[in-house]
Amino acid sequence: MTRVGDGEVPIRDLSLRCGQVVVEVSLWRDEALVELSLGDHIEISCLRASLKPSPKLNSSSYSAVEKTVAEPVEVELTFIGVLEGDGGATILLSDAYEEYTVPAALALDIAADDLPIKLTLTHQNKTVQSIEPLGEMFEGMFEEV
């Protein structure tokens with residue numbers, strides 16, 4: 001909450017990421033009350049830019065915040081890191097330093113010796129839904145579940 005001429009208003013400061021770019025945003029009034037969680041895809045309209053004390057976008061009386069559903073995306077990526085995550089999931093690190101979670105149900109078996117590795121996968125919000133093995137060298141890497 002902050003005090004302004006017409007009383008106190010709620011403010012929520014966010015760091016939004018679009019690809020590798022992080023943008024600081026302050027939501028004011030009703031927009032600050034929208035329930036958001038880490039990883040939500042959102043659209044925010046009618047933002048104002050301010051440069052002082054540091055670059056930031058601020059909501060206005062015309063702003064609207066809307067949660068959107070991330071569509072599945074198919075990409076071909078090179079992975080340079082792999083580690084075991086919670087619940088048997090596998091975490092893959094791309095050469096752009098983005099983490100992709102492969103659920104245990106996909107039964108992925110990649111060792112550090114297999115890296116770097118190029119894979120075609122379908123993901124929604126960095127959670128892998130399917131992986132296409134590429135070439136003969138990957139036979140036996142993917143198990144039927």
# chains A, B, ... in the order shown; residues from 1 in each chain; ligands from 1
>>> residues_around(residues="A:Met1", least_positions_apart="5", cutoff="6 Å", atoms="only C-alpha atoms", output="VMD selection string")
chain A and resid 9 to 11
>>> write_last_selection(atoms="N, CA, C and O atoms", output="mmCIF file, in the first residue's frame")
data_model
loop_
_atom_site.group_PDB
_atom_site.id
_atom_site.type_symbol
_atom_site.label_atom_id
_atom_site.label_comp_id
_atom_site.auth_asym_id
_atom_site.auth_seq_id
_atom_site.Cartn_x
_atom_site.Cartn_y
_atom_site.Cartn_z
ATOM 1 N N VAL A 9 -3.500 3.147 -1.856
ATOM 2 C CA VAL A 9 -3.789 2.232 -2.949
ATOM 3 C C VAL A 9 -2.783 1.076 -2.917
ATOM 4 O O VAL A 9 -1.624 1.263 -2.541
ATOM 5 N N PRO A 10 -3.235 -0.129 -3.313
ATOM 6 C CA PRO A 10 -2.301 -1.257 -3.357
ATOM 7 C C PRO A 10 -1.374 -1.166 -4.565
ATOM 8 O O PRO A 10 -1.775 -0.689 -5.630
ATOM 9 N N ILE A 11 -0.133 -1.611 -4.366
ATOM 10 C CA ILE A 11 0.858 -1.669 -5.443
ATOM 11 C C ILE A 11 1.516 -3.039 -5.391
ATOM 12 O O ILE A 11 1.832 -3.534 -4.307
#
>>> closest_atom_pairs(of="stretch 6-36 of chain A", to="stretch 62-72 of chain A", cutoff="12 Å", atoms="only C-alpha atoms", output="tab-separated table")
residue	atom	partner	partner_atom	distance
A:Val25	CA	A:Val65	CA	11.7
A:Ser26	CA	A:Ser63	CA	11.3
A:Leu27	CA	A:Ser63	CA	8.8
A:Trp28	CA	A:Ser63	CA	9.2
A:Arg29	CA	A:Ser63	CA	10.0
A:Asp30	CA	A:Ala64	CA	8.9
A:Glu31	CA	A:Val65	CA	6.1
A:Ala32	CA	A:Val65	CA	9.0
A:Leu33	CA	A:Val65	CA	9.9
A:Val34	CA	A:Val65	CA	7.4
A:Glu35	CA	A:Lys67	CA	9.3
A:Leu36	CA	A:Lys67	CA	8.1
>>> closest_atom_pairs(of="stretch 2-88 of chain A", to="stretch 115-123 of chain A", cutoff="6 Å", atoms="only C-alpha atoms", output="Markdown table")
| residue | atom | partner | partner_atom | distance |
| --- | --- | --- | --- | --- |
| A:Pro72 | CA | A:His123 | CA | 5.4 |
| A:Val73 | CA | A:Thr122 | CA | 5.3 |
| A:Glu74 | CA | A:Thr122 | CA | 4.2 |
| A:Val75 | CA | A:Thr120 | CA | 5.6 |
| A:Glu76 | CA | A:Thr120 | CA | 4.1 |
| A:Leu77 | CA | A:Lys118 | CA | 5.5 |
| A:Thr78 | CA | A:Lys118 | CA | 4.2 |
| A:Phe79 | CA | A:Ile117 | CA | 5.3 |
| A:Ile80 | CA | A:Pro116 | CA | 4.7 |
>>> select_by_dssp(residues="chain A", states="strand (DSSP E or B)", output="MDAnalysis selection string")
chainID A and resid 2:4 7:9 11:18 21:28 41:50 56:68 73:84 90:94 99:102 108 117:124 127:132 142
>>> closest_residue(among="A:Ala89, A:Ala112, A:Val102, A:Leu57", to="A:Val23", atoms="only C-alpha atoms")
A:Leu57
>>> closest_residue(among="A:Thr127, A:Glu24, A:Asp86, A:Leu14", to="A:Leu51", atoms="only C-alpha atoms")
A:Glu24
>>> closest_residue(among="A:Thr101, A:Ser94, A:Ser37, A:Ser59", to="A:Ser130", atoms="only C-alpha atoms")
A:Thr101
>>> closest_residue(among="A:Val4, A:Ala111, A:Val82, A:Leu106", to="A:Ile131", atoms="only C-alpha atoms")
A:Leu106
>>> closest_residue(among="A:Val128, A:Cys18, A:Ala49, A:Ile44", to="A:Leu108", atoms="only C-alpha atoms")
A:Val128
>>> closest_residue(among="A:Ala96, A:Val22, A:Leu83, A:Leu16", to="A:His41", atoms="only C-alpha atoms")
A:Leu16
>>> atom_distance(atom1="atom CA of A:Glu8", atom2="atom CA of A:Ser60")
15.7 Å
>>> atom_distance(atom1="atom CA of A:Val21", atom2="atom CA of A:Ile42")
15.3 Å
>>> atom_distance(atom1="atom CA of A:Gly85", atom2="atom CA of A:Gln20")
22.8 Å
